[in-house]
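To start, the structure under review is shown below, and the notes come after it.
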There are 2 protein chains.
Amino acid sequence: MSQILIQSVLLDDERVDILIQENIFQKIAKEKTLSVSDPNSVIIDGSHFAIVPAFYNTHTHAAMTFCRGLSDDVPLKIWLEKYIWPREASLTPEDVYIASRYAILEMIRSGTVFFADMYWFRTETALAARELGIRASIGVTFADLLKKDFEENCQFVEENLADYSGRVQLAIAPHAIYTNSAETLKRCAEISERFLLPYHIHVAETEHEERGSVTPTQGLSPVEFLDSLGVLSERTVAAHLVHVSEKDLQILAKRKATCAHNPCSNMKLSSGTFQMKRFLEHGIRVALGTDGAASNNNLDMREEMKFASLLAKMTSGDPTVLSATDTLKMATRNGAEAFGLNAGVIAEGKLADALLLNLGEPCFATGDVVSNWVYAANSSVIDTVICDGKLLMRHREISDSEEIERDFRNRFSSRS
Amino acid sequence: MSQILIQSVLLDDERVDILIQENIFQKIAKEKTLSVSDPNSVIIDGSHFAIVPAFYNTHTHAAMTFCRGLSDDVPLKIWLEKYIWPREASLTPEDVYIASRYAILEMIRSGTVFFADMYWFRTETALAARELGIRASIGVTFADLLKKDFEENCQFVEENLADYSGRVQLAIAPHAIYTNSAETLKRCAEISERFLLPYHIHVAETEHEERGSVTPTQGLSPVEFLDSLGVLSERTVAAHLVHVSEKDLQILAKRKATCAHNPCSNMKLSSGTFQMKRFLEHGIRVALGTDGAASNNNLDMREEMKFASLLAKMTSGDPTVLSATDTLKMATRNGAEAFGLNAGVIAEGKLADALLLNLGEPCFATGDVVSNWVYAANSSVIDTVICDGKLLMRHREISDSEEIERDFRNRFSSRS
């Protein structure tokens with residue numbers, strides 16, 4: 001039986017002992033009250049640390065680390081057509097495996113234990129996630145305009161569902177309304193419904209996305225169009241939602257869809273101004289994502305939290321919107337819940353995912369830990385990352401990191 | 001004679017040797033061509049590093065680190081009246097010394113070699129800067145409404161000018177139009193003119209600031225009002241400038257004033273939406289600042305760069321605005337120039353201020369170094385900080401840091 005005991009760690013404003021058994025927070029009690037039975041248990045002195053939920057990154061394209069920093073500060077059309085698509089055209093499965101491993105290393109270092117991916121060569125990304133111990137929702141990407149593989153995708157889901165029932169799961173990921181017909185969008189919803197899988201899709205990232213829709217939307221907005229097809233539900237994770245009307249928000253609330261908000265990517269690509277306060281007023285669940293490293297340019301959810309909070313305050317003109325606590329919840333619990341994980345909170349019975357933050361770091365000398373984590377820290381204050389009851393990082397060390405970095409540089413780096 | 005030789009370091013896209021003599025970049029040449037004469041010289045193997053200009057933080061209140069994380073997510077009025085002012089009321093000179101040293105430690109760790117300060121107990125902040133080797137422009141703060149010490153301030157400037165002629169200099173810092181009479185604002189400009197000192201002032205941080213002006217502005221905007229008093233010049237560093245009209249921008253351009261832009265603080269306090277593209281179109285020099293740690297909540301200029309660039313792209317709807325290179329220039333050269341420093345560029349004859357970035361860090365594996373520095377890194381990738389030809393940080397170690405942190409925690413931390 002695998003056990004981890006974290007002693008005298010700061011949880012909210014209290015010092016507690018936390019016992020992790022297998023992959024669950026088994027017991028949380030007053031400090032210096034818990035002990036372990038198994039002599040092989042790991043005991044962590046938590047007295048220099050605060051424990052906080054780990055991050056759940058609800059929208060990314062992990063393998064795109066391979067094109068980080070290669071094409072910045074250009075319009076979206078040029079970015080895609082001149083830089084991204086030509087590179088992707090020659091991408092091999094091994095490239096995706098190597099780049100995904102590298103991306104996961106960056107995620108773990110910056111405190112992420114789960115990512116919702118949407119890309120090509122899904123089995124290679126899944127393999128990387130399995131090997132490195134992180135959780136993932138691997139999107140089975142449907143894109144009529146790019147790849148005509150609807151039946152193959154469906155077959156893949158049916159045949160592999162059992163293999164994707166643990167830490168690494170599947171999602172149905174129709175890319176967008178501008179790459180899929182109404183028929184495909186609907187059939188994807190049927191598969192999502194049948195196998196109870198998330199329905200992960202880009203929606204309203206840019207203005208007037210409906211004009212490029214494969215099936216004409218007859219004047220409906222992207223959200224209205226998707227609702228008219230009957231595909232929106234509590235399984236929907238709609239990435240971006242930058243351009244939404246009051247009616248769109250009502251629909252999203254009614255269908256209990258989740259918004260995966262990507263502030264850095266939206267700002268960097270000038271996609272538009274996300275209206276956080278209106279989402280909150282409608283009671284829509286908002287989670288956070290980094291998008292791919294080519295449009296951010298990192299996978300750092302701590303930075304994403306600060307951007308989300310400050311952007312929400314600026315856009316609404318209201319500094320009380322999205323407090324540090326609410327922001328942290330968005331980056332953790334909301335993301336976990338959107339993907340059906342009983343996680344994102346440090347509480348008995350929840351999946352044992354967590355970060356230990358080094359309180360010896362200067363940014364924690366005064367004030368509230370959560371405020372300092374969201375507004376003042378950077379991800380280098382993370383000492384330990386726990387995912388599914390396993391230590392993925394300890395004192396900032398991760399197994400095999402040198403090999404993973406070497407493989408990535410050998411494959412993709414042009415610098416001597 | 002003090003010499004530092006940095007060998008085979010990456011400068012832009014080239015490997016070079018750089019010789020620093022006293023406080024100047026003496027010689028920059030092809031790699032493996034330079035040597036040192038003095039056996040006491042420091043030789044740095046630069047082969048794992050890129051050298052970039054260090055940061056010049058053009059607007060902050062260093063000592064406010066003491067109220068970091070104590071009062072977030074509240075409206076400005078409550079923030080000031082309930083949290084900040086009561087704490088400041090009981091502040092001692094020793095508090096400011098201790099908190100300033102701590103702030104400077106954070107600045108050095110995150111790559112800043114200069115800060116323009118505006119606060120109380122200026123001699124304590126100046127002492128901290130002198131001791132820790134950083135550059136500073138110490139604002140002599142004028143605020144009629146808060147302290148009636150105009151003559152004392154003037155006397156201080158006259159008597160101490162000689163002591164403030166090196167790394168640590170003085171600025172005339174009338175706080176704002178809502179704390180100073182027109183008479184004070186004008187007399188401050190006379191002193192600034194007479195002693196050739198910067199004129200550092202908060203301008204148009206919030207909407208309709210003119211309504212609170214001590215001397216009624218007769219319908220003029222804050223910028224128009226200041227111009228009507230004849231106080232704007234190339235010595236002006238106007239912090240914030242969030243609310244400006246087309247006419248204001250024309251005035252600022254004509255007077256060659258510098259804008260100290262503080263994106264994190266403006267966003268966090270919901271002050272408004274800074275219009276970067278319009279400043280650039282008018283050819284106004286924009287530099288960056290972090291503002292105080294109570295409204296940011298850190299002093300990290302790398303993070304400030306990413307916020308500035310992404311905010312500019314979002315606000316303008318133009319992803320080509322404020323490229324990575326332009327953003328870095330804003331955070332370095334523009335700030336140095338605004339305060340009359342022959343610095344901010346790695347070039348022969350310039351003051352020897354620089355950072356060595358660790359190219360072994362994962363974010364530098366692909367793509368452009370400057371892009372990765374602005375968009376993907378965090379400040380923990382800085383290995384070495386050089387200011388005025390001295391090594392302030394080497395392999396992330398800074399002299400006396402433990403003592404400085406201990407003093408700060410003993411004084412201000414409530415956590416056991």
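Chain labels run A, B, ... following the order of the structure tokens; each chain numbers its residues from 1, and ligands are numbered from 1 in the order shown.
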Skip range 291-306 of chain A itself and residues of its chain fewer than 5 positions away, then list as a PDB file with C-alpha atoms, in the first residue's frame all residues within 8 Å of it, counting only C-alpha atoms.
```
ATOM      1  CA  PHE A  55      -3.477  23.082 -11.840  1.00  0.00           C
ATOM      2  CA  ASN A  57      -5.098  23.076 -17.831  1.00  0.00           C
ATOM      3  CA  HIS A  59      -7.191  23.763 -23.214  1.00  0.00           C
ATOM      4  CA  THR A  60      -3.834  23.199 -24.835  1.00  0.00           C
ATOM      5  CA  HIS A  61      -1.991  21.678 -27.767  1.00  0.00           C
ATOM      6  CA  ALA A  62       0.926  20.196 -25.874  1.00  0.00           C
ATOM      7  CA  ALA A  63       3.145  19.205 -28.769  1.00  0.00           C
ATOM      8  CA  MET A  64       3.191  22.748 -30.114  1.00  0.00           C
ATOM      9  CA  THR A  65       6.150  23.461 -27.832  1.00  0.00           C
ATOM     10  CA  CYS A  67       7.186  25.928 -32.528  1.00  0.00           C
ATOM     11  CA  ARG A  68       7.587  28.191 -29.486  1.00  0.00           C
ATOM     12  CA  GLY A  69       9.239  31.507 -30.247  1.00  0.00           C
ATOM     13  CA  LEU A  70       9.474  30.863 -33.970  1.00  0.00           C
ATOM     14  CA  SER A  71       6.783  33.247 -35.183  1.00  0.00           C
ATOM     15  CA  ASP A  72       5.576  36.028 -32.912  1.00  0.00           C
ATOM     16  CA  ALA A 103       5.585  20.010 -22.799  1.00  0.00           C
ATOM     17  CA  GLU A 106       7.175  22.158 -18.428  1.00  0.00           C
ATOM     18  CA  MET A 107       3.677  21.542 -17.080  1.00  0.00           C
ATOM     19  CA  SER A 110       4.887  24.844 -13.283  1.00  0.00           C
ATOM     20  CA  GLY A 111       2.412  22.839 -11.202  1.00  0.00           C
ATOM     21  CA  THR A 112       0.024  21.357 -13.749  1.00  0.00           C
ATOM     22  CA  ASN A 262      -7.163  31.360 -22.382  1.00  0.00           C
ATOM     23  CA  PRO A 263      -6.272  34.962 -21.547  1.00  0.00           C
ATOM     24  CA  CYS A 264      -2.655  35.016 -22.747  1.00  0.00           C
ATOM     25  CA  SER A 265      -3.405  33.478 -26.120  1.00  0.00           C
ATOM     26  CA  LYS A 268      -1.321  37.836 -27.760  1.00  0.00           C
ATOM     27  CA  LEU A 269      -3.252  37.003 -30.942  1.00  0.00           C
ATOM     28  CA  THR A 327      -8.965  32.796  -9.560  1.00  0.00           C
ATOM     29  CA  LEU A 328      -7.207  29.864  -7.941  1.00  0.00           C
ATOM     30  CA  ALA A 331      -7.434  27.202 -12.351  1.00  0.00           C
ATOM     31  CA  TRP A 373       0.575  32.721  -5.178  1.00  0.00           C
ATOM     32  CA  VAL A 374      -1.755  34.333  -7.734  1.00  0.00           C
ATOM     33  CA  TYR A 375      -0.311  37.854  -7.924  1.00  0.00           C
ATOM     34  CA  ASN A 378       6.236  32.695 -10.184  1.00  0.00           C
ATOM     35  CA  SER A 379       6.190  28.952 -10.709  1.00  0.00           C
TER      36      SER A 379
ATOM     37  CA  CYS B 363      12.018  27.899 -22.483  1.00  0.00           C
ATOM     38  CA  ASN B 372      11.399  33.556 -25.217  1.00  0.00           C
ATOM     39  CA  TYR B 375       6.814  35.753 -23.602  1.00  0.00           C
ATOM     40  CA  ALA B 376       7.874  32.361 -22.241  1.00  0.00           C
ATOM     41  CA  ALA B 377      10.434  32.689 -19.445  1.00  0.00           C
TER      42      ALA B 377
END
```
* Would you mind listing what lies within 10 Å of Ala347 in chain B as a PyMOL selection string, with only C-alpha atoms counted and same-chain residues fewer than 6 positions away left out? => chain B and resi 18+24-28+53
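Close contacts of range 311-317 of chain A, defined as residues with an atom at most 9 Å away when counting only C-alpha atoms, with chain neighbours fewer than 3 positions off set aside, comprise Pro263, Thr273, Phe274, Gln275, Met276, Lys277, Arg278, Lys306, Phe307, Ala308, Thr320, Val321 and Leu322 of chain A; Asp73, Asn266, Met267, Lys268, Leu269, Ser270, Ser271, Gly272, Thr273 and Leu311 of chain B.
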Could you write out the selected residues, including C-alpha atoms, as a PDB file, in the first residue's frame?
```pdb
ATOM      1  CA  PRO A 263      -6.272  34.962 -21.547  1.00  0.00           C
ATOM      2  CA  THR A 273     -11.620  41.010 -25.086  1.00  0.00           C
ATOM      3  CA  PHE A 274     -12.982  38.214 -22.920  1.00  0.00           C
ATOM      4  CA  GLN A 275     -15.876  39.335 -20.682  1.00  0.00           C
ATOM      5  CA  MET A 276     -15.239  37.466 -17.437  1.00  0.00           C
ATOM      6  CA  LYS A 277     -17.689  39.383 -15.275  1.00  0.00           C
ATOM      7  CA  ARG A 278     -20.603  38.576 -17.573  1.00  0.00           C
ATOM      8  CA  LYS A 306      -2.594  36.521 -12.948  1.00  0.00           C
ATOM      9  CA  PHE A 307      -3.550  37.398 -16.511  1.00  0.00           C
ATOM     10  CA  ALA A 308      -7.098  36.095 -16.002  1.00  0.00           C
ATOM     11  CA  THR A 320     -13.385  43.159  -6.802  1.00  0.00           C
ATOM     12  CA  VAL A 321     -14.034  40.786  -9.723  1.00  0.00           C
ATOM     13  CA  LEU A 322     -12.122  37.500  -9.652  1.00  0.00           C
TER      14      LEU A 322
ATOM     15  CA  ASP B  73      -9.396  42.816  -4.747  1.00  0.00           C
ATOM     16  CA  ASN B 266      -3.487  49.686 -13.859  1.00  0.00           C
ATOM     17  CA  MET B 267      -5.208  46.376 -14.575  1.00  0.00           C
ATOM     18  CA  LYS B 268      -5.294  45.170 -10.973  1.00  0.00           C
ATOM     19  CA  LEU B 269      -6.759  48.436  -9.665  1.00  0.00           C
ATOM     20  CA  SER B 270      -9.138  48.685 -12.670  1.00  0.00           C
ATOM     21  CA  SER B 271      -7.719  52.126 -13.367  1.00  0.00           C
ATOM     22  CA  GLY B 272      -8.592  51.968 -17.061  1.00  0.00           C
ATOM     23  CA  THR B 273      -7.214  50.767 -20.379  1.00  0.00           C
ATOM     24  CA  LEU B 311      -2.238  44.307 -23.337  1.00  0.00           C
TER      25      LEU B 311
END
```
Just want the 8 Å neighbourhood of Ser47 in chain B, counted on only C-alpha atoms, with same-chain residues fewer than 6 positions away dropped. Output as a PDB file with all heavy atoms, in the first residue's frame.
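New file around_2.pdb:
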```
ATOM      1  N   GLN B   7      33.248  35.590 -21.794  1.00  0.00           N
ATOM      2  CA  GLN B   7      33.713  34.946 -23.023  1.00  0.00           C
ATOM      3  C   GLN B   7      32.596  34.171 -23.722  1.00  0.00           C
ATOM      4  O   GLN B   7      31.829  33.466 -23.073  1.00  0.00           O
ATOM      5  CB  GLN B   7      34.854  33.985 -22.695  1.00  0.00           C
ATOM      6  CG  GLN B   7      36.078  34.698 -22.128  1.00  0.00           C
ATOM      7  CD  GLN B   7      37.183  33.732 -21.749  1.00  0.00           C
ATOM      8  OE1 GLN B   7      36.946  32.773 -21.017  1.00  0.00           O
ATOM      9  NE2 GLN B   7      38.384  33.985 -22.242  1.00  0.00           N
ATOM     10  N   SER B   8      32.570  34.297 -25.027  1.00  0.00           N
ATOM     11  CA  SER B   8      31.681  33.475 -25.881  1.00  0.00           C
ATOM     12  C   SER B   8      30.217  33.514 -25.450  1.00  0.00           C
ATOM     13  O   SER B   8      29.536  32.503 -25.396  1.00  0.00           O
ATOM     14  CB  SER B   8      32.146  32.015 -25.896  1.00  0.00           C
ATOM     15  OG  SER B   8      33.451  31.930 -26.397  1.00  0.00           O
ATOM     16  N   VAL B   9      29.759  34.717 -25.153  1.00  0.00           N
ATOM     17  CA  VAL B   9      28.360  34.862 -24.746  1.00  0.00           C
ATOM     18  C   VAL B   9      27.519  35.219 -25.969  1.00  0.00           C
ATOM     19  O   VAL B   9      28.011  35.850 -26.915  1.00  0.00           O
ATOM     20  CB  VAL B   9      28.246  35.931 -23.626  1.00  0.00           C
ATOM     21  CG1 VAL B   9      28.460  37.345 -24.179  1.00  0.00           C
ATOM     22  CG2 VAL B   9      26.910  35.825 -22.901  1.00  0.00           C
ATOM     23  N   LEU B  10      26.241  34.794 -25.940  1.00  0.00           N
ATOM     24  CA  LEU B  10      25.357  35.083 -27.070  1.00  0.00           C
ATOM     25  C   LEU B  10      24.796  36.504 -26.944  1.00  0.00           C
ATOM     26  O   LEU B  10      24.075  36.826 -26.000  1.00  0.00           O
ATOM     27  CB  LEU B  10      24.200  34.075 -27.089  1.00  0.00           C
ATOM     28  CG  LEU B  10      23.341  34.047 -28.361  1.00  0.00           C
ATOM     29  CD1 LEU B  10      24.129  33.528 -29.555  1.00  0.00           C
ATOM     30  CD2 LEU B  10      22.095  33.184 -28.142  1.00  0.00           C
TER      31      LEU B  10
END
```
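Residues with any atom within 12 Å of Asp12 in chain A, counting only C-alpha atoms and excluding same-chain neighbours fewer than 6 positions away, are Phe49, Ala50, Ile51, Val52, Pro53, Thr325, Val345, Ile346, Ala347, Asp368, Val369, Val370 and Ser371 of chain A.
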* For Gly360 in chain B: contacts at 10 Å, only C-alpha atoms, fewer than 5 positions along chain excluded, given as number ranges by chain -> A: 405; B: 48-49, 365, 381
* helix (DSSP H, G or I) residues, from DSSP on the backbone, in range 126-287 of chain A, as a PyMOL selection string -> chain A and resi 126-132+150-164+182-195+209-212+222-228+246-255+263-268+276-281
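Straight-line separation from CA of Ile386 in chain B to CA of Glu337 in chain B: 18.3 Å.
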* **Point-to-point distance from CA of Ala129 in chain B to CA of Arg101 in chain B, Å rounded to tenths** => 7.3 Å
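In this model, the gap between CA of Ala239 in chain A and CA of Ala287 in chain A comes to 9.4 Å.
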* To do: Would you list the contacts of Pro222 in chain A as a PyMOL selection string, taking every protein, DNA or RNA residue within 12 Å and counting only C-alpha atoms, but skipping same-chain residues closer than 4 positions in sequence?
  => chain A and resi 176-178+182+201-218+226-229+231-232+238+240-245+247-249+251-252
* Structure fact -> Counting only C-alpha atoms, the residue among A:Phe339, A:Phe364, A:Tyr56, A:Phe195 that lies closest to chain B is A:Phe364
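Backbone DSSP over range 106-201 of chain A yields strand (DSSP E or B) at Thr112, Val113, Phe114, Phe115, Ala116, Asp117, Met118, Arg135, Ala136, Ser137, Ile138, Gly139, Val140, Thr141, Phe142, Ala143, Lys147, Ser165, Val168, Gln169, Leu170, Ala171, Ile172, Ala173, Pro174, Tyr199, His200 and Ile201 of chain A.
Between chain A and the residues B:Ser309, B:Thr58, B:Asn180, B:Gln3, the shortest atom-to-atom distance, using only C-alpha atoms, involves B:Ser309.
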